[in-house]
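S.K.: One structure, as structure tokens, below. Some questions next.
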Amino acid sequence: MINPNLKLNPKLFKEDIEQVPTRFGYGEGLVIAGKENPNVVALCADLTDSTRTSVFKKEFPDRFVEVGIGEQNMASLASGMAAVGKVPFISSYAMFSPGRNWEQIRTTICYNNQNVKIAGAHSGVSVGPDGATHQAIEDMAITRVVPNMIVIAPCDAIEAKKATIAAARHKGPVYIRFTREKTPVMTTEETPFEIGKAEIYREGKDVSIIACGPLLYEALKAAEELAKEGIEAEVINNHTVKPMDKETILQSVKKTGCVVTIEEHQAAGGMGSAVSEILSQNHPAPMEIIGVKDRFGESGEPHQLLEKFGLTAPFIKEAVLKVIKRKIKLKG
Amino acid sequence: MAHLSDEQIKKLEATANTIRQDIIAMLLEAKTGHSAGPLGMADVFTVLYHTDAIKHDPKNPDWEERDRIVLSNGHICPVLYVAMARAGYFSVEELKTLRKFGTKLQGHPHRLVLPGLETSSGPLGSGLSQAAGMAYALKADKKKNQVVCLMGDGELDCGQIWEAAMWAGKNKLDNLTAIIDRNNIQIDGFTEEIMPLEPLDEKFHAFGWHVLEINGNDIRAVYDAVFQARAIFEKPVCIIAYTIPGKGVDFMEQDFNWHGKPPNKEEGEKALQELRTLGGKISGE
């Protein structure tokens with residue numbers, strides 16, 4: 001059943017659940033962070049409105065910095081600003097930051113351990129019509145392997161807001177990925193959020209479904225469907241991809257004995273890979289990693305693409321049945 | 001404007017010579033590292049770390065009021081390390097640990113292990129952006145600190161340099177000075193053959209910079225240019241410092257083959273002797 005302690009949206013499975021893009025949470029969170037700390041500044045590379053940096057620009061015009069289409073320059077400028085006491089947030093589409101400017105992020109931000117926050121908008125295939133060039137599905141893989149970096153994939157706009165505020169309070173580099181499309185708001189203002197702390201959104205004993213980002217909703221829907229067939233899935237919101245909440249994951253998988261992960265990212269190198277790194281070394285269990293299978297995205301409506309790439313509830317359900325079968329076989 | 005007396009110049013030239021000898025000695029010890037660039041830039045580093053051109057305090061590297069020196073082309077760090085050691089940031093003895101296991105003197109500079117460094121560098125092309133970010137934030141806070149970025153000419157091939165140059169021009173960062181080591185060589189050969197940079201002064205002019213061109217091996221010229229740069233308002237300043245790669249060691253001068261390698265024992269001894277005797281002009285042996 002849904003964890004009552006987390007005060008999730010009461011309309012969770014209703015038709016009229018609110019739908020808001022996670023990037024909107026970034027804009028709101030950035031303004032709050034700006035009010036909390038006068039050293040917070042925001043840089044943008046000619047995508048001020050669609051990244052929602054515009055909200056901050058309106059509130060703090062003197063603390064907004066337009067960089068033009070130069071993401072490499074933006075990352076290193078931010079490193080320099082942080083070196084003299086600022087808390088810079090840099091934003092663009094994830095494909096360009098941390099995509100195009102990865103080395104600058106590695107060397108000038110992370111190797112220096114500078115207090116810079118990287119906000120990657122338009123991650124995942126759900127970017128839709130723009131096509132593969134603008135669909136970042138490698139961003140978590142390339143950021144989580146860099147020392148000193150924290151990686152967060154918020155599940156909805158409210159969590160995105162909390163993650164942005166938390167990132168500003170944390171001293172050190174943080175990458176947060178956001179998405180373009182409207183997606184269900186699963187949490188409320190009261191739902192807890194802490195960097196590095198995964199939350200069990202639905203308790204269950206038969207399988208652990210570990211998700212990050214807006215696809216968490218597909219995981220919750222799949223769990224509801226499975227419950228009708230007598231399978232109780234535990235659903236974990238694993239928003240912090242690095243450092244990962246090893247304890248919560250191990251505890252859950254020790255109880256359920258099998259696991260399915262789901263993310264809007266390449267299946268290789270992302271959140272699921274990080275979970276498998278923990279499990280394979282501590283508690284191996286039958287596992288399916290749901291993600292994009294080593295191919296590029298393409299143009300289309302978000303729902304068409306999520307379906308084509310096998311990232312919706314029915315695919316999760318299918319994967320769950322597979323891992324449960326393997327678990328039984330192992331026991332048998 | 002500050003002025004150096006002839007006597008001060010003589011003293012600084014002796015410091016530059018010591019720095020060159022230390023560079024050769026540390027490269028001999030390390031058996032790895034770059035030779036030509038560090039020797040060519042010894043005079044510039046002498047001015048930056050051993051005169052009043054730059055505000056800094058070796059005993060208090062985090063001093064709020066210090067000017068910021070950003071080394072973009074991290075591979076010439078032997079000259080940086082020597083200039084810092086001779087200024088008192090750490091012991092001259094420690095120079096022997098260059099590039100060795102456990103050293104603070106990493107093959108390319110690392111800010112988190114050596115107090116006094118403003119950034120880590122090595123991958124080319126990103127120093128000007130960092131310096132511009134510092135200058136912008138300091139200016140926004142109405143602070144007086146100057147930011148000096150040292151760059152190689154080869155790294156001007158990197159697109160990021162021009163992103164930063166455009167942005168610094170747009171923002172009129174008059175507290176930012178870039179010093180380009182114009183020695184005309186890079187690993188694969190002469191810059192004008194690999195990727196022509198000329199007319200370099202016009203390029204920076206076009207990006208909104210004030211440009212000064214000097215002999216980078218003339219201590220007075222370097223000193224005067226750094227002070228002159230402070231007097232320019234509303235524009236960042238680019239000092240194109242023409243230097244001789246390998247300066248001070250005859251067989252290394254102007255030879256791009258010395259860009260990325262250290263001298264062997266015999267070559268090192270020869271170089272040291274030449275430096276000690278100022279090319280045979282004095283009998284210092």
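In the structure tokens, chains take the letters A, B, ... in the order shown, each chain's residues start at 1, and ligands count up from 1 in the order shown.
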Just list as a VMD selection string whatever in segment 38-179 of chain A DSSP marks as helix (DSSP H, G or I).
M.R.: chain A and resid 53 to 59 61 to 63 71 to 83 102 to 111 125 to 127 132 to 134 139 to 144 157 to 169
S.K.: Keeping only C-alpha atoms, write the selected residues as a PDB file, in the first residue's frame.
M.R.:
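Contents of selection-v8.pdb, freshly written:
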ATOM      1  CA  THR A  53      15.762  30.566 -15.263  1.00  0.00           C
ATOM      2  CA  SER A  54      13.522  33.433 -16.396  1.00  0.00           C
ATOM      3  CA  VAL A  55      11.671  33.318 -13.075  1.00  0.00           C
ATOM      4  CA  PHE A  56      14.932  34.049 -11.232  1.00  0.00           C
ATOM      5  CA  LYS A  57      15.912  36.700 -13.777  1.00  0.00           C
ATOM      6  CA  LYS A  58      12.657  38.562 -13.122  1.00  0.00           C
ATOM      7  CA  GLU A  59      13.152  38.455  -9.353  1.00  0.00           C
ATOM      8  CA  PRO A  61      17.894  40.858 -12.584  1.00  0.00           C
ATOM      9  CA  ASP A  62      21.318  41.832 -11.199  1.00  0.00           C
ATOM     10  CA  ARG A  63      22.141  38.267 -10.264  1.00  0.00           C
ATOM     11  CA  GLU A  71      28.072  26.095 -22.504  1.00  0.00           C
ATOM     12  CA  GLN A  72      31.803  25.404 -22.073  1.00  0.00           C
ATOM     13  CA  ASN A  73      32.410  29.023 -21.182  1.00  0.00           C
ATOM     14  CA  MET A  74      29.374  28.943 -18.875  1.00  0.00           C
ATOM     15  CA  ALA A  75      30.693  25.998 -16.830  1.00  0.00           C
ATOM     16  CA  SER A  76      34.125  27.569 -16.338  1.00  0.00           C
ATOM     17  CA  LEU A  77      32.736  31.058 -15.665  1.00  0.00           C
ATOM     18  CA  ALA A  78      30.678  29.471 -12.897  1.00  0.00           C
ATOM     19  CA  SER A  79      33.790  27.781 -11.512  1.00  0.00           C
ATOM     20  CA  GLY A  80      35.517  31.173 -11.375  1.00  0.00           C
ATOM     21  CA  MET A  81      32.528  32.831  -9.724  1.00  0.00           C
ATOM     22  CA  ALA A  82      32.351  30.053  -7.134  1.00  0.00           C
ATOM     23  CA  ALA A  83      36.074  30.518  -6.466  1.00  0.00           C
ATOM     24  CA  TRP A 102      31.494  17.685 -19.683  1.00  0.00           C
ATOM     25  CA  GLU A 103      35.267  18.197 -19.506  1.00  0.00           C
ATOM     26  CA  GLN A 104      34.898  21.733 -18.173  1.00  0.00           C
ATOM     27  CA  ILE A 105      32.524  20.388 -15.526  1.00  0.00           C
ATOM     28  CA  ARG A 106      34.976  17.630 -14.642  1.00  0.00           C
ATOM     29  CA  THR A 107      38.118  19.753 -14.446  1.00  0.00           C
ATOM     30  CA  THR A 108      37.104  23.291 -13.585  1.00  0.00           C
ATOM     31  CA  ILE A 109      34.143  22.465 -11.323  1.00  0.00           C
ATOM     32  CA  CYS A 110      34.532  18.967  -9.853  1.00  0.00           C
ATOM     33  CA  TYR A 111      38.339  18.611  -9.698  1.00  0.00           C
ATOM     34  CA  VAL A 125      13.116  11.015 -24.690  1.00  0.00           C
ATOM     35  CA  SER A 126       9.930  12.761 -23.516  1.00  0.00           C
ATOM     36  CA  VAL A 127      11.404  15.994 -24.919  1.00  0.00           C
ATOM     37  CA  ALA A 132      17.282  12.660 -30.721  1.00  0.00           C
ATOM     38  CA  THR A 133      19.695  15.614 -30.901  1.00  0.00           C
ATOM     39  CA  HIS A 134      17.870  17.275 -28.002  1.00  0.00           C
ATOM     40  CA  ASP A 139      23.526  12.662 -18.679  1.00  0.00           C
ATOM     41  CA  MET A 140      23.337  10.637 -15.468  1.00  0.00           C
ATOM     42  CA  ALA A 141      25.976   8.214 -16.709  1.00  0.00           C
ATOM     43  CA  ILE A 142      28.482  10.967 -17.473  1.00  0.00           C
ATOM     44  CA  THR A 143      27.887  12.950 -14.294  1.00  0.00           C
ATOM     45  CA  ARG A 144      27.772  10.169 -11.742  1.00  0.00           C
ATOM     46  CA  ALA A 157       7.789  19.696  -9.927  1.00  0.00           C
ATOM     47  CA  ILE A 158       7.480  19.902  -6.145  1.00  0.00           C
ATOM     48  CA  GLU A 159      10.405  17.557  -5.598  1.00  0.00           C
ATOM     49  CA  ALA A 160      12.351  19.501  -8.237  1.00  0.00           C
ATOM     50  CA  LYS A 161      11.794  22.666  -6.220  1.00  0.00           C
ATOM     51  CA  LYS A 162      12.987  20.971  -3.029  1.00  0.00           C
ATOM     52  CA  ALA A 163      16.004  19.495  -4.810  1.00  0.00           C
ATOM     53  CA  THR A 164      16.983  22.921  -6.131  1.00  0.00           C
ATOM     54  CA  ILE A 165      16.788  24.478  -2.663  1.00  0.00           C
ATOM     55  CA  ALA A 166      18.713  21.547  -1.162  1.00  0.00           C
ATOM     56  CA  ALA A 167      21.376  21.831  -3.869  1.00  0.00           C
ATOM     57  CA  ALA A 168      21.909  25.501  -2.991  1.00  0.00           C
ATOM     58  CA  ARG A 169      22.368  24.596   0.674  1.00  0.00           C
TER      59      ARG A 169
END
S.K.: Could you list, as a list in words, every residue within 8 Å of segment 274-284 of chain A, counting only C-alpha atoms and ignoring same-chain residues fewer than 3 positions away?
M.R.: Val241, Met244, Lys246, Ile249, Leu250, Val253, Lys254, Gly269, Gly270, Met271 and Met287 of chain A
S.K.: Can you write out the residues you just picked, keeping N, CA and C atoms, as a PDB file, in the first residue's frame?
M.R.:
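Output contents, as saved in result17.pdb:
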ATOM      1  N   VAL A 241      20.744   9.757  -7.414  1.00  0.00           N
ATOM      2  CA  VAL A 241      21.461   8.693  -8.126  1.00  0.00           C
ATOM      3  C   VAL A 241      22.890   8.587  -7.599  1.00  0.00           C
ATOM      4  N   MET A 244      24.119   7.165  -3.699  1.00  0.00           N
ATOM      5  CA  MET A 244      22.888   6.388  -3.633  1.00  0.00           C
ATOM      6  C   MET A 244      22.639   5.859  -2.228  1.00  0.00           C
ATOM      7  N   LYS A 246      22.237   3.311  -0.300  1.00  0.00           N
ATOM      8  CA  LYS A 246      22.537   1.882  -0.291  1.00  0.00           C
ATOM      9  C   LYS A 246      21.672   1.129   0.732  1.00  0.00           C
ATOM     10  N   ILE A 249      17.987   0.601  -0.260  1.00  0.00           N
ATOM     11  CA  ILE A 249      17.886  -0.338  -1.380  1.00  0.00           C
ATOM     12  C   ILE A 249      18.175  -1.772  -0.931  1.00  0.00           C
ATOM     13  N   LEU A 250      19.241  -1.937  -0.158  1.00  0.00           N
ATOM     14  CA  LEU A 250      19.585  -3.286   0.299  1.00  0.00           C
ATOM     15  C   LEU A 250      18.494  -3.866   1.201  1.00  0.00           C
ATOM     16  N   VAL A 253      15.579  -4.946  -1.025  1.00  0.00           N
ATOM     17  CA  VAL A 253      15.816  -6.120  -1.878  1.00  0.00           C
ATOM     18  C   VAL A 253      16.048  -7.375  -1.030  1.00  0.00           C
ATOM     19  N   LYS A 254      16.613  -7.200   0.163  1.00  0.00           N
ATOM     20  CA  LYS A 254      16.754  -8.358   1.065  1.00  0.00           C
ATOM     21  C   LYS A 254      15.380  -8.911   1.427  1.00  0.00           C
ATOM     22  N   GLY A 269      24.710   2.496 -17.609  1.00  0.00           N
ATOM     23  CA  GLY A 269      25.400   3.622 -16.984  1.00  0.00           C
ATOM     24  C   GLY A 269      24.586   4.523 -16.090  1.00  0.00           C
ATOM     25  N   GLY A 270      23.295   4.337 -16.041  1.00  0.00           N
ATOM     26  CA  GLY A 270      22.465   5.264 -15.281  1.00  0.00           C
ATOM     27  C   GLY A 270      22.122   4.785 -13.874  1.00  0.00           C
ATOM     28  N   MET A 271      20.895   5.101 -13.460  1.00  0.00           N
ATOM     29  CA  MET A 271      20.464   4.774 -12.095  1.00  0.00           C
ATOM     30  C   MET A 271      20.443   3.261 -11.878  1.00  0.00           C
ATOM     31  N   MET A 287      17.347  -9.276 -11.443  1.00  0.00           N
ATOM     32  CA  MET A 287      17.143  -7.848 -11.694  1.00  0.00           C
ATOM     33  C   MET A 287      16.891  -7.562 -13.164  1.00  0.00           C
TER      34      MET A 287
END
S.K.: Pull out every residue of chain B sitting within 7 Å of chain A, counting only C-alpha atoms, and send them as a list in words.
M.R.: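 Output check: Arg111, Leu112, Thr119, Ser120, Ser126, Ser129, Gln130, Ala131, Ala132, Gly133, Met134, Ala137, Gln160, Glu163, Ala164 and Trp167 of chain B.
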S.K.: Enumerate, as a VMD selection string, the complete set of residues in segment 14-216 of chain A that a backbone-based DSSP assignment places in strand (DSSP E).
M.R.: chain A and resid 19 to 20 40 to 44 64 to 66 87 to 93 117 to 121 150 to 152 174 to 177 183 to 184 199 to 202 207 to 211
S.K.: Save out the residues we just selected, C-alpha atoms, as a PDB file, in the first residue's frame.
M.R.:
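Here's the written file out_21.pdb:
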ATOM      1  CA  GLN A  19       0.359  17.906 -14.230  1.00  0.00           C
ATOM      2  CA  VAL A  20       3.394  20.227 -14.137  1.00  0.00           C
ATOM      3  CA  VAL A  40      23.199  32.586  -5.425  1.00  0.00           C
ATOM      4  CA  VAL A  41      23.542  33.647  -9.074  1.00  0.00           C
ATOM      5  CA  ALA A  42      22.030  32.080 -12.189  1.00  0.00           C
ATOM      6  CA  LEU A  43      23.740  31.689 -15.550  1.00  0.00           C
ATOM      7  CA  CYS A  44      22.001  30.655 -18.714  1.00  0.00           C
ATOM      8  CA  PHE A  64      21.221  36.769 -13.610  1.00  0.00           C
ATOM      9  CA  VAL A  65      24.050  36.294 -16.109  1.00  0.00           C
ATOM     10  CA  GLU A  66      23.426  35.734 -19.809  1.00  0.00           C
ATOM     11  CA  VAL A  87      26.857  29.931  -5.632  1.00  0.00           C
ATOM     12  CA  PRO A  88      26.273  29.715  -9.380  1.00  0.00           C
ATOM     13  CA  PHE A  89      23.482  27.685 -10.969  1.00  0.00           C
ATOM     14  CA  ILE A  90      24.117  27.045 -14.668  1.00  0.00           C
ATOM     15  CA  SER A  91      21.347  25.896 -16.913  1.00  0.00           C
ATOM     16  CA  SER A  92      20.778  24.757 -20.440  1.00  0.00           C
ATOM     17  CA  TYR A  93      19.376  21.626 -22.020  1.00  0.00           C
ATOM     18  CA  LYS A 117      25.067  23.604  -9.523  1.00  0.00           C
ATOM     19  CA  ILE A 118      24.291  22.247 -12.966  1.00  0.00           C
ATOM     20  CA  ALA A 119      20.644  22.234 -14.008  1.00  0.00           C
ATOM     21  CA  GLY A 120      19.998  20.114 -17.088  1.00  0.00           C
ATOM     22  CA  ALA A 121      16.596  20.780 -18.618  1.00  0.00           C
ATOM     23  CA  ILE A 150      25.980  14.732  -6.596  1.00  0.00           C
ATOM     24  CA  VAL A 151      23.331  13.598  -9.088  1.00  0.00           C
ATOM     25  CA  ILE A 152      19.592  14.088  -8.560  1.00  0.00           C
ATOM     26  CA  VAL A 174      25.422  19.082  -7.876  1.00  0.00           C
ATOM     27  CA  TYR A 175      23.767  17.976 -11.100  1.00  0.00           C
ATOM     28  CA  ILE A 176      19.959  18.006 -11.277  1.00  0.00           C
ATOM     29  CA  ARG A 177      18.102  16.758 -14.340  1.00  0.00           C
ATOM     30  CA  THR A 183       3.975  15.086 -15.623  1.00  0.00           C
ATOM     31  CA  PRO A 184       1.867  14.072 -12.607  1.00  0.00           C
ATOM     32  CA  GLU A 199      11.901   7.028   0.031  1.00  0.00           C
ATOM     33  CA  ILE A 200       9.613   4.007  -0.036  1.00  0.00           C
ATOM     34  CA  TYR A 201       6.456   5.340  -1.699  1.00  0.00           C
ATOM     35  CA  ARG A 202       4.660   2.022  -1.669  1.00  0.00           C
ATOM     36  CA  VAL A 207       9.459  -7.225  -5.672  1.00  0.00           C
ATOM     37  CA  SER A 208      11.309  -3.883  -5.391  1.00  0.00           C
ATOM     38  CA  ILE A 209      10.616  -1.396  -8.166  1.00  0.00           C
ATOM     39  CA  ILE A 210      13.217   1.349  -8.020  1.00  0.00           C
ATOM     40  CA  ALA A 211      12.558   4.475 -10.045  1.00  0.00           C
TER      41      ALA A 211
END
S.K.: Using only C-alpha atoms, which protein or nucleic acid residues come within 12 Å of Lys11 of chain B? Drop anything in the same chain fewer than 3 positions from it, and give the result as a list in words.
M.R.: Leu4, Ser5, Asp6, Glu7, Gln8, Ala14, Thr15, Ala16, Asn17, Thr18, Asp43, Thr46, Val47, His50, Thr51, Ile219 and Arg220 of chain B
S.K.: Can you pull out every residue within 7 Å of segment 290-294 of chain A, counting only C-alpha atoms, but drop anything in the same chain fewer than 2 positions away, and send it as a PDB file with N, CA and C atoms, in the first residue's frame?
M.R.:
ATOM      1  N   THR A 261      14.415  -1.845 -12.100  1.00  0.00           N
ATOM      2  CA  THR A 261      14.664  -0.396 -12.058  1.00  0.00           C
ATOM      3  C   THR A 261      14.103   0.235 -13.328  1.00  0.00           C
ATOM      4  N   ILE A 262      13.721   1.497 -13.211  1.00  0.00           N
ATOM      5  CA  ILE A 262      13.142   2.207 -14.357  1.00  0.00           C
ATOM      6  C   ILE A 262      13.599   3.665 -14.372  1.00  0.00           C
ATOM      7  N   GLU A 263      14.081   4.085 -15.533  1.00  0.00           N
ATOM      8  CA  GLU A 263      14.557   5.469 -15.676  1.00  0.00           C
ATOM      9  C   GLU A 263      14.439   5.880 -17.134  1.00  0.00           C
ATOM     10  N   GLU A 264      14.328   7.194 -17.364  1.00  0.00           N
ATOM     11  CA  GLU A 264      14.254   7.709 -18.734  1.00  0.00           C
ATOM     12  C   GLU A 264      15.668   8.088 -19.151  1.00  0.00           C
ATOM     13  N   HIS A 265      16.472   7.080 -19.441  1.00  0.00           N
ATOM     14  CA  HIS A 265      17.913   7.245 -19.628  1.00  0.00           C
ATOM     15  C   HIS A 265      18.396   5.971 -20.294  1.00  0.00           C
ATOM     16  N   GLN A 266      19.606   5.988 -20.821  1.00  0.00           N
ATOM     17  CA  GLN A 266      20.165   4.730 -21.316  1.00  0.00           C
ATOM     18  C   GLN A 266      20.150   3.705 -20.172  1.00  0.00           C
ATOM     19  N   ALA A 267      19.822   2.471 -20.520  1.00  0.00           N
ATOM     20  CA  ALA A 267      19.829   1.423 -19.491  1.00  0.00           C
ATOM     21  C   ALA A 267      21.261   1.224 -18.985  1.00  0.00           C
ATOM     22  N   GLU A 288      16.014  -6.616 -13.426  1.00  0.00           N
ATOM     23  CA  GLU A 288      15.802  -6.102 -14.783  1.00  0.00           C
ATOM     24  C   GLU A 288      16.028  -4.595 -14.743  1.00  0.00           C
ATOM     25  N   PHE A 309       9.920   3.017 -26.500  1.00  0.00           N
ATOM     26  CA  PHE A 309      11.164   2.612 -25.830  1.00  0.00           C
ATOM     27  C   PHE A 309      10.913   1.710 -24.609  1.00  0.00           C
ATOM     28  N   LEU A 311       9.041   2.150 -21.759  1.00  0.00           N
ATOM     29  CA  LEU A 311       9.267   2.788 -20.462  1.00  0.00           C
ATOM     30  C   LEU A 311       7.975   3.038 -19.676  1.00  0.00           C
TER      31      LEU A 311
END
S.K.: Skip segment 148-157 of chain B itself and residues of its chain fewer than 6 positions away, then list as a PyMOL selection string all residues within 8 Å of it, counting only C-alpha atoms.
M.R.: chain B and resi 67-73+124-125+127-128+131+176-186+191+195+197
S.K.: Just C-alpha atoms for this one: save the residues we selected as a compact mmCIF listing (two decimals), in the first residue's frame.
M.R.:
# COMPACT_ATOMS: atom_id res chain seq x y z
CA ASP B 67 44.86 39.57 -6.76
CA ARG B 68 44.06 36.33 -8.56
CA ILE B 69 46.62 34.67 -10.82
CA VAL B 70 45.00 32.03 -13.01
CA LEU B 71 47.36 29.79 -14.96
CA SER B 72 45.38 28.49 -17.93
CA ASN B 73 48.12 26.53 -19.68
CA LEU B 124 43.70 23.87 -22.36
CA GLY B 125 41.29 26.66 -23.08
CA GLY B 127 41.44 29.44 -17.78
CA LEU B 128 40.19 32.63 -19.38
CA ALA B 131 39.38 34.28 -14.69
CA LEU B 176 40.79 41.35 -15.97
CA THR B 177 44.18 41.10 -17.68
CA ALA B 178 45.13 38.23 -19.96
CA ILE B 179 48.81 37.67 -20.62
CA ILE B 180 49.44 35.56 -23.71
CA ASP B 181 52.77 33.76 -23.93
CA ARG B 182 53.35 34.45 -27.62
CA ASN B 183 56.24 32.07 -28.23
CA ASN B 184 54.94 30.76 -31.56
CA ILE B 185 55.33 27.07 -30.73
CA GLN B 186 53.02 24.25 -29.77
CA THR B 191 51.61 28.01 -34.32
CA MET B 195 46.62 26.99 -36.84
CA LEU B 197 46.61 33.10 -35.01
S.K.: Report, in Å to a single decimal, how far apart atom CA of Pro214 of chain A and atom CA of Met186 of chain A are.
M.R.: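 Interatomic distance here is 8.9 Å.
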S.K.: Give me, please, the distance in Å between atom CA of Ile239 of chain B and atom CA of Tyr49 of chain B, quoted to one decimal.
M.R.: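 If I compute the distance from atom CA of Ile239 of chain B to atom CA of Tyr49 of chain B, I get 17.2 Å.
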S.K.: What separation in Å, quoted to one decimal, exists between atom CA of Lys242 of chain A and atom CA of Ala285 of chain A?
M.R.: 21.1 Å
S.K.: Taking 3 positions as the minimum chain separation for residues in the same chain, which residues sit within 10 Å of segment 329-331 of chain A when counting only C-alpha atoms? Answer as JSON, numbers by chain.
M.R.: {"A": [257, 285, 286, 323, 324, 325, 326]}
S.K.: Using N, CA and C atoms, can you export the residues from the last selection as a PDB file, in the first residue's frame?
M.R.:
ATOM      1  N   GLY A 257      13.663  -9.862  -2.557  1.00  0.00           N
ATOM      2  CA  GLY A 257      14.413 -10.885  -3.291  1.00  0.00           C
ATOM      3  C   GLY A 257      14.530 -10.669  -4.783  1.00  0.00           C
ATOM      4  N   ALA A 285      20.660 -10.282  -6.695  1.00  0.00           N
ATOM      5  CA  ALA A 285      19.270 -10.722  -6.791  1.00  0.00           C
ATOM      6  C   ALA A 285      18.824 -10.603  -8.239  1.00  0.00           C
ATOM      7  N   PRO A 286      17.841 -11.390  -8.662  1.00  0.00           N
ATOM      8  CA  PRO A 286      17.331 -11.259 -10.026  1.00  0.00           C
ATOM      9  C   PRO A 286      16.912  -9.810 -10.283  1.00  0.00           C
ATOM     10  N   VAL A 323      11.282 -11.152 -13.205  1.00  0.00           N
ATOM     11  CA  VAL A 323      12.218 -11.299 -12.080  1.00  0.00           C
ATOM     12  C   VAL A 323      11.640 -12.172 -10.973  1.00  0.00           C
ATOM     13  N   ILE A 324      10.305 -12.121 -10.827  1.00  0.00           N
ATOM     14  CA  ILE A 324       9.692 -12.975  -9.804  1.00  0.00           C
ATOM     15  C   ILE A 324       9.856 -14.452 -10.193  1.00  0.00           C
ATOM     16  N   LYS A 325       9.674 -14.735 -11.477  1.00  0.00           N
ATOM     17  CA  LYS A 325       9.860 -16.094 -11.995  1.00  0.00           C
ATOM     18  C   LYS A 325      11.284 -16.573 -11.697  1.00  0.00           C
ATOM     19  N   ARG A 326      12.250 -15.701 -11.961  1.00  0.00           N
ATOM     20  CA  ARG A 326      13.654 -16.069 -11.729  1.00  0.00           C
ATOM     21  C   ARG A 326      13.934 -16.281 -10.242  1.00  0.00           C
TER      22      ARG A 326
END
S.K.: Mind checking which residues fall within 9 Å of His108 of chain B, counting only C-alpha atoms, ignoring those fewer than 6 positions away in the same chain, and posting them as an MDAnalysis selection string?
M.R.: chainID B and resid 74:77 99 120:122
